[in-house]
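Participant: The file below is my_file37.pdb, PDB, C-alpha atoms:
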```
ATOM      1  CA  GLY A   1      12.879 -31.122  74.137
ATOM      2  CA  ALA A   2      11.891 -34.688  73.391
ATOM      3  CA  GLY A   3      10.088 -33.968  70.124
ATOM      4  CA  VAL A   4      11.172 -34.161  66.492
ATOM      5  CA  SER A   5      13.651 -31.390  65.821
ATOM      6  CA  GLN A   6      14.150 -29.808  62.404
ATOM      7  CA  SER A   7      16.674 -27.255  61.223
ATOM      8  CA  PRO A   8      16.824 -24.690  59.861
ATOM      9  CA  SER A   9      13.331 -23.463  60.629
ATOM     10  CA  ASN A  10      13.584 -21.009  57.754
ATOM     11  CA  LYS A  11      15.837 -21.033  54.725
ATOM     12  CA  VAL A  12      15.945 -18.518  51.900
ATOM     13  CA  THR A  13      18.120 -19.446  48.966
ATOM     14  CA  GLU A  14      18.721 -18.421  45.404
ATOM     15  CA  LYS A  15      17.587 -20.486  42.474
ATOM     16  CA  GLY A  16      20.255 -23.002  41.498
ATOM     17  CA  LYS A  17      21.813 -23.368  44.932
ATOM     18  CA  ASP A  18      21.846 -26.606  46.918
ATOM     19  CA  VAL A  19      20.171 -26.821  50.320
ATOM     20  CA  GLU A  20      20.269 -29.324  53.169
ATOM     21  CA  LEU A  21      17.479 -29.773  55.678
ATOM     22  CA  ARG A  22      18.046 -31.707  58.860
ATOM     23  CA  CYS A  23      15.734 -33.835  60.971
ATOM     24  CA  ASP A  24      16.488 -35.256  64.401
ATOM     25  CA  PRO A  25      13.751 -37.778  65.254
ATOM     26  CA  ILE A  26      12.550 -38.787  68.663
ATOM     27  CA  SER A  27      15.045 -41.119  70.270
ATOM     28  CA  GLY A  28      14.169 -44.757  69.675
ATOM     29  CA  HIS A  29      11.852 -44.095  66.744
ATOM     30  CA  THR A  30      12.841 -46.449  63.948
ATOM     31  CA  ALA A  31      10.681 -44.989  61.208
ATOM     32  CA  LEU A  32      11.293 -41.548  59.724
ATOM     33  CA  TYR A  33       9.320 -39.724  57.029
ATOM     34  CA  TRP A  34       9.749 -36.579  54.986
ATOM     35  CA  TYR A  35       6.678 -34.767  53.695
ATOM     36  CA  ARG A  36       6.370 -31.558  51.711
ATOM     37  CA  GLN A  37       3.622 -29.040  52.344
ATOM     38  CA  SER A  38       3.088 -26.624  49.508
ATOM     39  CA  LEU A  39       0.548 -23.829  49.617
ATOM     40  CA  GLY A  40      -2.893 -25.289  49.009
ATOM     41  CA  GLN A  41      -1.470 -28.724  48.191
ATOM     42  CA  GLY A  42      -1.764 -30.612  51.422
ATOM     43  CA  LEU A  43       1.039 -32.896  52.519
ATOM     44  CA  GLU A  44       2.951 -34.785  49.871
ATOM     45  CA  PHE A  45       4.957 -37.866  50.857
ATOM     46  CA  LEU A  46       8.615 -37.721  49.839
ATOM     47  CA  ILE A  47      10.615 -40.532  51.440
ATOM     48  CA  TYR A  48      10.428 -43.093  54.241
ATOM     49  CA  PHE A  49      13.151 -44.819  56.278
ATOM     50  CA  GLN A  50      12.546 -47.828  58.493
ATOM     51  CA  GLY A  51      15.404 -49.299  60.479
ATOM     52  CA  ASN A  52      18.110 -50.764  58.240
ATOM     53  CA  SER A  53      15.784 -51.391  55.302
ATOM     54  CA  ALA A  54      16.263 -49.644  51.971
ATOM     55  CA  PRO A  55      14.388 -46.341  52.010
ATOM     56  CA  ASP A  56      11.138 -45.901  50.119
ATOM     57  CA  LYS A  57      11.960 -43.043  47.749
ATOM     58  CA  SER A  58       8.786 -43.314  45.709
ATOM     59  CA  GLY A  59       7.621 -39.794  46.574
ATOM     60  CA  LEU A  60      10.744 -37.856  45.593
ATOM     61  CA  PRO A  61       9.651 -35.478  42.799
ATOM     62  CA  SER A  62      12.918 -35.481  40.849
ATOM     63  CA  ASP A  63      16.518 -36.662  40.974
ATOM     64  CA  ARG A  64      17.468 -33.290  42.449
ATOM     65  CA  PHE A  65      16.018 -34.568  45.717
ATOM     66  CA  SER A  66      17.830 -37.064  47.907
ATOM     67  CA  ALA A  67      17.868 -38.030  51.554
ATOM     68  CA  GLU A  68      19.963 -40.089  53.864
ATOM     69  CA  ARG A  69      19.686 -41.286  57.391
ATOM     70  CA  THR A  70      22.889 -41.858  59.293
ATOM     71  CA  GLY A  71      23.140 -44.370  62.113
ATOM     72  CA  GLY A  72      19.398 -44.920  62.092
ATOM     73  CA  SER A  73      18.846 -41.515  63.628
ATOM     74  CA  VAL A  74      19.408 -38.086  62.063
ATOM     75  CA  SER A  75      18.228 -37.575  58.500
ATOM     76  CA  THR A  76      19.248 -34.990  55.923
ATOM     77  CA  LEU A  77      17.108 -34.028  52.928
ATOM     78  CA  THR A  78      19.164 -32.483  50.147
ATOM     79  CA  ILE A  79      17.760 -30.490  47.259
ATOM     80  CA  GLN A  80      20.232 -29.759  44.481
ATOM     81  CA  ARG A  81      19.952 -26.896  42.015
ATOM     82  CA  THR A  82      16.864 -25.529  43.735
ATOM     83  CA  GLN A  83      13.963 -24.228  41.674
ATOM     84  CA  GLN A  84      11.239 -21.807  42.677
ATOM     85  CA  GLU A  85       8.681 -24.624  42.717
ATOM     86  CA  ASP A  86      10.680 -26.243  45.506
ATOM     87  CA  SER A  87       9.497 -23.493  47.849
ATOM     88  CA  ALA A  88       7.456 -25.221  50.553
ATOM     89  CA  VAL A  89       7.502 -26.364  54.143
ATOM     90  CA  TYR A  90       9.378 -29.622  54.545
ATOM     91  CA  LEU A  91       8.042 -31.664  57.430
ATOM     92  CA  CYS A  92       9.779 -34.550  59.117
ATOM     93  CA  ALA A  93       7.975 -37.158  61.201
ATOM     94  CA  SER A  94       9.001 -40.222  63.140
ATOM     95  CA  THR A  95       7.272 -43.104  64.854
ATOM     96  CA  PRO A  96       8.342 -46.190  66.809
ATOM     97  CA  SER A  97       8.086 -49.556  65.092
ATOM     98  CA  ARG A  98       5.249 -50.625  67.380
ATOM     99  CA  LYS A  99       3.129 -47.777  65.982
ATOM    100  CA  LEU A 100       3.806 -48.410  62.298
ATOM    101  CA  ASN A 101       0.307 -49.698  61.663
ATOM    102  CA  THR A 102      -1.379 -46.997  63.724
ATOM    103  CA  GLY A 103      -0.539 -44.007  61.559
ATOM    104  CA  GLU A 104       0.349 -42.015  64.639
ATOM    105  CA  LEU A 105       3.248 -39.969  63.396
ATOM    106  CA  PHE A 106       5.126 -37.421  65.472
ATOM    107  CA  PHE A 107       5.909 -34.344  63.420
ATOM    108  CA  GLY A 108       8.488 -31.620  63.722
ATOM    109  CA  GLU A 109       7.657 -27.966  63.141
ATOM    110  CA  GLY A 110       9.043 -28.045  59.641
ATOM    111  CA  SER A 111      11.661 -26.208  57.619
ATOM    112  CA  ARG A 112      10.260 -23.423  55.463
ATOM    113  CA  LEU A 113      12.222 -23.155  52.222
ATOM    114  CA  THR A 114      11.939 -20.122  49.989
ATOM    115  CA  VAL A 115      13.698 -20.177  46.641
ATOM    116  CA  LEU A 116      14.101 -16.738  45.089
TER     117      LEU A 116
ATOM    118  CA  ALA B 117      -5.803 -45.054  43.502
ATOM    119  CA  GLN B 118      -6.162 -43.726  46.988
ATOM    120  CA  LYS B 119      -7.263 -40.169  47.528
ATOM    121  CA  VAL B 120      -8.502 -37.911  50.298
ATOM    122  CA  THR B 121     -10.593 -34.842  49.547
ATOM    123  CA  GLN B 122     -11.319 -32.008  51.933
ATOM    124  CA  ALA B 123     -13.559 -29.752  49.921
ATOM    125  CA  GLN B 124     -13.634 -26.954  52.500
ATOM    126  CA  THR B 125     -10.518 -24.838  52.110
ATOM    127  CA  GLU B 126     -11.344 -22.347  54.839
ATOM    128  CA  ILE B 127     -14.061 -22.094  57.465
ATOM    129  CA  SER B 128     -14.668 -19.168  59.775
ATOM    130  CA  VAL B 129     -16.960 -19.395  62.785
ATOM    131  CA  VAL B 130     -17.644 -17.417  65.902
ATOM    132  CA  GLU B 131     -16.656 -18.883  69.240
ATOM    133  CA  LYS B 132     -19.171 -21.361  70.705
ATOM    134  CA  GLU B 133     -20.548 -22.299  67.308
ATOM    135  CA  ASP B 134     -20.419 -25.942  66.251
ATOM    136  CA  VAL B 135     -18.453 -26.680  63.111
ATOM    137  CA  THR B 136     -18.089 -29.787  60.939
ATOM    138  CA  LEU B 137     -15.072 -30.472  58.771
ATOM    139  CA  ASP B 138     -15.750 -32.771  55.843
ATOM    140  CA  CYS B 139     -13.538 -35.563  54.570
ATOM    141  CA  VAL B 140     -14.221 -37.901  51.664
ATOM    142  CA  TYR B 141     -11.843 -40.688  50.722
ATOM    143  CA  GLU B 142     -11.292 -43.137  47.898
ATOM    144  CA  THR B 143      -9.675 -46.537  48.253
ATOM    145  CA  ARG B 144     -10.019 -50.008  46.814
ATOM    146  CA  ASP B 145      -8.709 -51.621  49.965
ATOM    147  CA  THR B 146     -11.086 -53.408  52.290
ATOM    148  CA  THR B 147      -8.856 -52.775  55.278
ATOM    149  CA  TYR B 148      -7.664 -49.264  55.856
ATOM    150  CA  TYR B 149      -7.314 -46.594  58.505
ATOM    151  CA  LEU B 150      -8.488 -43.001  58.576
ATOM    152  CA  PHE B 151      -6.977 -40.192  60.588
ATOM    153  CA  TRP B 152      -7.367 -36.584  61.583
ATOM    154  CA  TYR B 153      -4.417 -34.370  62.380
ATOM    155  CA  LYS B 154      -4.368 -30.796  63.681
ATOM    156  CA  GLN B 155      -1.723 -28.284  62.586
ATOM    157  CA  PRO B 156      -1.636 -25.260  64.903
ATOM    158  CA  PRO B 157       0.225 -22.078  63.910
ATOM    159  CA  SER B 158       3.463 -23.499  65.338
ATOM    160  CA  GLY B 159       3.536 -25.914  62.402
ATOM    161  CA  GLU B 160       3.843 -29.403  63.831
ATOM    162  CA  LEU B 161       0.975 -31.755  63.063
ATOM    163  CA  VAL B 162      -0.682 -33.353  66.062
ATOM    164  CA  PHE B 163      -2.427 -36.707  65.836
ATOM    165  CA  LEU B 164      -6.096 -36.566  66.888
ATOM    166  CA  ILE B 165      -7.728 -39.852  66.006
ATOM    167  CA  ARG B 166      -7.481 -43.092  64.048
ATOM    168  CA  ARG B 167     -10.392 -45.238  62.873
ATOM    169  CA  ASN B 168     -10.165 -48.599  61.142
ATOM    170  CA  SER B 169     -12.435 -49.583  58.291
ATOM    171  CA  PHE B 170     -14.243 -52.221  60.317
ATOM    172  CA  ASP B 171     -15.329 -49.901  63.081
ATOM    173  CA  GLU B 172     -18.058 -47.500  62.066
ATOM    174  CA  GLN B 173     -18.953 -46.475  65.579
ATOM    175  CA  ASN B 174     -18.898 -42.758  66.038
ATOM    176  CA  GLU B 175     -16.410 -41.494  68.563
ATOM    177  CA  ILE B 176     -16.598 -38.603  70.955
ATOM    178  CA  SER B 177     -13.721 -37.078  72.853
ATOM    179  CA  GLY B 178     -14.710 -34.017  74.817
ATOM    180  CA  ARG B 179     -15.827 -31.370  72.323
ATOM    181  CA  TYR B 180     -14.592 -33.437  69.381
ATOM    182  CA  SER B 181     -16.620 -36.084  67.589
ATOM    183  CA  TRP B 182     -16.088 -38.100  64.455
ATOM    184  CA  ASN B 183     -18.661 -39.606  62.095
ATOM    185  CA  PHE B 184     -17.390 -42.459  59.913
ATOM    186  CA  GLN B 185     -19.737 -43.658  57.164
ATOM    187  CA  LYS B 186     -18.425 -46.301  54.776
ATOM    188  CA  SER B 187     -21.526 -46.038  52.603
ATOM    189  CA  THR B 188     -20.559 -42.490  51.641
ATOM    190  CA  SER B 189     -16.779 -42.900  52.126
ATOM    191  CA  SER B 190     -16.767 -40.051  54.570
ATOM    192  CA  PHE B 191     -15.044 -39.385  57.861
ATOM    193  CA  ASN B 192     -16.292 -36.043  59.144
ATOM    194  CA  PHE B 193     -15.040 -34.198  62.196
ATOM    195  CA  THR B 194     -17.247 -32.007  64.379
ATOM    196  CA  ILE B 195     -16.092 -29.534  66.989
ATOM    197  CA  THR B 196     -18.827 -28.593  69.425
ATOM    198  CA  ALA B 197     -18.815 -25.190  71.102
ATOM    199  CA  SER B 198     -15.707 -24.090  69.229
ATOM    200  CA  GLN B 199     -13.003 -22.087  70.960
ATOM    201  CA  VAL B 200     -10.351 -19.707  69.669
ATOM    202  CA  VAL B 201      -7.697 -22.326  70.482
ATOM    203  CA  ASP B 202      -9.313 -24.622  67.910
ATOM    204  CA  SER B 203      -8.054 -22.318  65.162
ATOM    205  CA  ALA B 204      -5.702 -24.429  63.061
ATOM    206  CA  VAL B 205      -5.399 -26.365  59.829
ATOM    207  CA  TYR B 206      -7.015 -29.778  60.053
ATOM    208  CA  PHE B 207      -5.933 -32.658  57.854
ATOM    209  CA  CYS B 208      -7.755 -35.862  57.110
ATOM    210  CA  ALA B 209      -5.570 -38.787  56.060
ATOM    211  CA  LEU B 210      -5.791 -42.359  54.806
ATOM    212  CA  SER B 211      -3.227 -45.079  55.412
ATOM    213  CA  GLU B 212      -1.439 -46.799  52.576
ATOM    214  CA  PRO B 213      -2.144 -50.537  52.352
ATOM    215  CA  SER B 214       1.346 -51.539  53.469
ATOM    216  CA  ASN B 215       2.372 -51.604  57.095
ATOM    217  CA  THR B 216       4.637 -48.590  56.781
ATOM    218  CA  GLY B 217       2.797 -45.788  58.491
ATOM    219  CA  LYS B 218       2.753 -43.819  55.241
ATOM    220  CA  LEU B 219      -0.279 -41.578  55.032
ATOM    221  CA  ILE B 220      -2.144 -39.946  52.177
ATOM    222  CA  PHE B 221      -3.311 -36.527  53.278
ATOM    223  CA  GLY B 222      -6.112 -34.297  52.103
ATOM    224  CA  GLN B 223      -5.466 -30.673  51.234
ATOM    225  CA  GLY B 224      -6.424 -29.502  54.699
ATOM    226  CA  THR B 225      -9.143 -27.200  56.030
ATOM    227  CA  THR B 226      -8.175 -23.961  57.720
ATOM    228  CA  LEU B 227     -10.484 -23.270  60.639
ATOM    229  CA  GLN B 228     -10.632 -19.795  62.103
ATOM    230  CA  VAL B 229     -12.577 -19.345  65.305
ATOM    231  CA  LYS B 230     -13.242 -15.706  66.107
ATOM    232  CA  PRO B 231     -13.905 -14.482  69.624
TER     233      PRO B 231
END
```
Using the file provided, produce a representation of the structure as structure tokens.
Facilitator:
Amino acid sequence: GAGVSQSPSNKVTEKGKDVELRCDPISGHTALYWYRQSLGQGLEFLIYFQGNSAPDKSGLPSDRFSAERTGGSVSTLTIQRTQQEDSAVYLCASTPSRKLNTGELFFGEGSRLTVL
Amino acid sequence: AQKVTQAQTEISVVEKEDVTLDCVYETRDTTYYLFWYKQPPSGELVFLIRRNSFDEQNEISGRYSWNFQKSTSSFNFTITASQVVDSAVYFCALSEPSNTGKLIFGQGTTLQVKP
């Protein structure tokens, strides 16, 4: 479809392993966001990419978290040495530059991460 | 600091009842935007509405209406004649002061509409 695509939809991993979560934004959307949704915690901002500018990493909870966006399109969120508190739904969103000041973000269905 | 509070964690109503979801925000900015998003069981958040801080007019869209009151820093959302399809998690959000599209979300309110 034409929406934001995230994979995998579900990931179960063991504590200490690394995981990669992928986001394919809507074509032409220059801005891309990662949010984390933990049980009862609402949505927590993680990182923001806009065009060729340096990403805003101010929301990353620790240096075990990193993200990149290749070619201004697909983004990968990497969590190293996963901990049980990393268990959450990781949501990706994108928006075109003309909507940056509208707050209208287009979200994917999320990647549910469970760390055992 | 900016903050959004949705005090109602879960609400359960019977179909056709009206229901109001509360949202209280904190910000020192004079210009800001407020939002409501709906998260159905499929998981993806869907944008419902945006209001800017200079426009306190209430808005109605079908069965949905929004009441923005700067005096009480509230932006409440009412669903009239609720339907089972309204069952979802609803998030209120506040924009960050920079032109980045970054949003500060409340904890969400889970609405269950029973037939």
Participant: Please provide the set of residues having any atom within 8 Å of Gln122 in chain B, restricted to all atoms listed in the file, with same-chain residues fewer than 5 positions apart removed, written as a ChimeraX atom specification.
Facilitator: /B:137-140,208,222-225
Participant: Select, from B:Ser169, B:Gln199, B:Thr216, B:Ser211, the residue with the minimum atom-to-atom distance to Ser187 in chain B, counting all atoms listed in the file.
Facilitator: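 Counting all atoms listed in the file, the residue closest to Ser187 in chain B is B:Ser169.
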Participant: Of the candidates A:Leu32, A:Ala67, A:Ile26, A:Ala88, which one gets nearest to Glu44 in chain A if we count all atoms listed in the file?
Facilitator: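 For Glu44 in chain A, the nearest of the candidates is A:Ala88.
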Participant: To one decimal place, how far is CA of Ala209 in chain B from CA of Tyr153 in chain B in Å?
Facilitator: 7.8 Å
Participant: Counting only C-alpha atoms, which residues have an atom no more than 8 Å from (-15.0, -20.8, 62.4) in the file's coordinates? Please list them as an NGL selection string.
Facilitator: :B and (127-131 or 133 or 135 or 198 or 203 or 227-230)
Participant: Residues of chain A were defined as contacting chain B if any atom lay at most 9 Å from it, counting only C-alpha atoms; please report them as a list in words.
Facilitator: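 That gives the following set of residues: Ala31, Tyr33, Gly40, Gln41, Gly42, Leu43, Glu44, Phe45, Tyr48, Gln50, Leu91, Thr95, Lys99, Leu100, Asn101, Thr102, Gly103, Glu104, Leu105, Phe106, Phe107, Gly108, Glu109 and Gly110 of chain A.
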Participant: Using only C-alpha atoms, find the one residue out of A:Thr82, A:Ser97, A:Thr114, A:Ser87 that sits nearest to Gly16 in chain A.
Facilitator: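 Once distances to Gly16 in chain A are computed over only C-alpha atoms, the minimum belongs to A:Thr82.
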Participant: I need the output of the PyMOL selection byres ((chain A and resi 83) around 10) for this file as a ChimeraX atom specification; which residues are they?
Facilitator: /A:13-18,64,79-82,84-87,114-116
Participant: So how many Å separate CA of Ser111 in chain A and CA of Tyr141 in chain B, to one decimal?
Facilitator: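 Straight-line distance from CA of Ser111 in chain A to CA of Tyr141 in chain B works out to 28.5 Å.
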Participant: In Å to one decimal, how far is CA of Thr196 in chain B from CA of Tyr180 in chain B?
Facilitator: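 Taking CA of Tyr180 in chain B as the start and CA of Thr196 in chain B as the end point, the length is 6.4 Å.
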Participant: Using all atoms listed in the file, find the one residue out of B:Lys132, B:Arg144, B:Arg179, B:Lys154 that sits nearest to Ile195 in chain B.
Facilitator: B:Arg179
Participant: Could you check which of A:Phe49, A:Ser38, A:Ser94, A:Lys11 is closest to Gly71 in chain A, using only C-alpha atoms?
Facilitator: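 Using only C-alpha atoms, the shortest distance to Gly71 in chain A belongs to A:Phe49.
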Participant: Output file request: range 24-53 of chain A, with N, CA and C atoms, as a tab-separated table (two decimals), in the first residue's frame.
Facilitator:
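The resulting file, decode_12.tsv, is reproduced below:
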```
chain	number	residue	atom	x	y	z
A	24	ASP	N	9.73	2.09	6.32
A	24	ASP	CA	9.69	2.56	4.94
A	24	ASP	C	8.62	3.65	4.87
A	25	PRO	N	9.01	4.92	4.81
A	25	PRO	CA	8.02	5.99	4.88
A	25	PRO	C	7.24	6.12	3.58
A	26	ILE	N	6.26	6.97	3.61
A	26	ILE	CA	5.50	7.27	2.41
A	26	ILE	C	6.42	7.99	1.42
A	27	SER	N	6.35	7.60	0.18
A	27	SER	CA	7.21	8.18	-0.83
A	27	SER	C	7.04	9.69	-0.89
A	28	GLY	N	8.18	10.39	-0.88
A	28	GLY	CA	8.13	11.85	-0.96
A	28	GLY	C	8.09	12.55	0.38
A	29	HIS	N	7.88	11.80	1.45
A	29	HIS	CA	7.87	12.42	2.78
A	29	HIS	C	9.31	12.64	3.23
A	30	THR	N	9.64	13.90	3.53
A	30	THR	CA	11.02	14.22	3.88
A	30	THR	C	11.31	14.04	5.36
A	31	ALA	N	10.29	14.12	6.17
A	31	ALA	CA	10.50	14.00	7.62
A	31	ALA	C	10.09	12.61	8.10
A	32	LEU	N	10.91	12.06	8.99
A	32	LEU	CA	10.65	10.72	9.53
A	32	LEU	C	10.92	10.74	11.01
A	33	TYR	N	10.05	10.09	11.78
A	33	TYR	CA	10.12	10.08	13.24
A	33	TYR	C	10.04	8.65	13.75
A	34	TRP	N	10.73	8.41	14.85
A	34	TRP	CA	10.55	7.17	15.60
A	34	TRP	C	10.01	7.54	16.99
A	35	TYR	N	8.97	6.83	17.39
A	35	TYR	CA	8.40	6.97	18.72
A	35	TYR	C	8.36	5.59	19.37
A	36	ARG	N	8.36	5.58	20.69
A	36	ARG	CA	8.23	4.33	21.42
A	36	ARG	C	6.97	4.40	22.28
A	37	GLN	N	6.20	3.33	22.22
A	37	GLN	CA	4.97	3.26	23.01
A	37	GLN	C	5.09	2.11	24.00
A	38	SER	N	5.33	2.47	25.25
A	38	SER	CA	5.40	1.46	26.29
A	38	SER	C	4.06	1.41	27.01
A	39	LEU	N	3.79	0.28	27.63
A	39	LEU	CA	2.50	0.08	28.29
A	39	LEU	C	2.26	1.17	29.31
A	40	GLY	N	1.16	1.90	29.13
A	40	GLY	CA	0.78	2.94	30.08
A	40	GLY	C	1.64	4.18	30.06
A	41	GLN	N	2.53	4.29	29.06
A	41	GLN	CA	3.47	5.42	29.04
A	41	GLN	C	3.20	6.42	27.93
A	42	GLY	N	2.22	6.17	27.11
A	42	GLY	CA	2.03	7.09	26.01
A	42	GLY	C	3.10	6.91	24.96
A	43	LEU	N	3.24	7.89	24.11
A	43	LEU	CA	4.25	7.84	23.05
A	43	LEU	C	5.43	8.72	23.43
A	44	GLU	N	6.61	8.13	23.35
A	44	GLU	CA	7.84	8.82	23.70
A	44	GLU	C	8.66	9.06	22.44
A	45	PHE	N	9.01	10.30	22.18
A	45	PHE	CA	9.80	10.64	21.00
A	45	PHE	C	11.20	10.07	21.12
A	46	LEU	N	11.72	9.50	20.04
A	46	LEU	CA	13.06	8.94	20.04
A	46	LEU	C	14.00	9.75	19.15
A	47	ILE	N	13.67	9.86	17.87
A	47	ILE	CA	14.57	10.50	16.92
A	47	ILE	C	13.79	11.03	15.73
A	48	TYR	N	14.35	12.06	15.08
A	48	TYR	CA	13.68	12.74	13.98
A	48	TYR	C	14.69	13.04	12.87
A	49	PHE	N	14.32	12.70	11.64
A	49	PHE	CA	15.12	12.99	10.46
A	49	PHE	C	14.34	13.96	9.57
A	50	GLN	N	15.04	14.94	9.04
A	50	GLN	CA	14.41	15.85	8.08
A	50	GLN	C	15.40	16.11	6.95
A	51	GLY	N	15.06	15.59	5.79
A	51	GLY	CA	15.88	15.81	4.60
A	51	GLY	C	17.33	15.41	4.86
A	52	ASN	N	18.25	16.29	4.49
A	52	ASN	CA	19.68	16.03	4.65
A	52	ASN	C	20.25	16.61	5.94
A	53	SER	N	19.38	17.16	6.78
A	53	SER	CA	19.86	17.76	8.03
A	53	SER	C	20.29	16.67	9.01
```
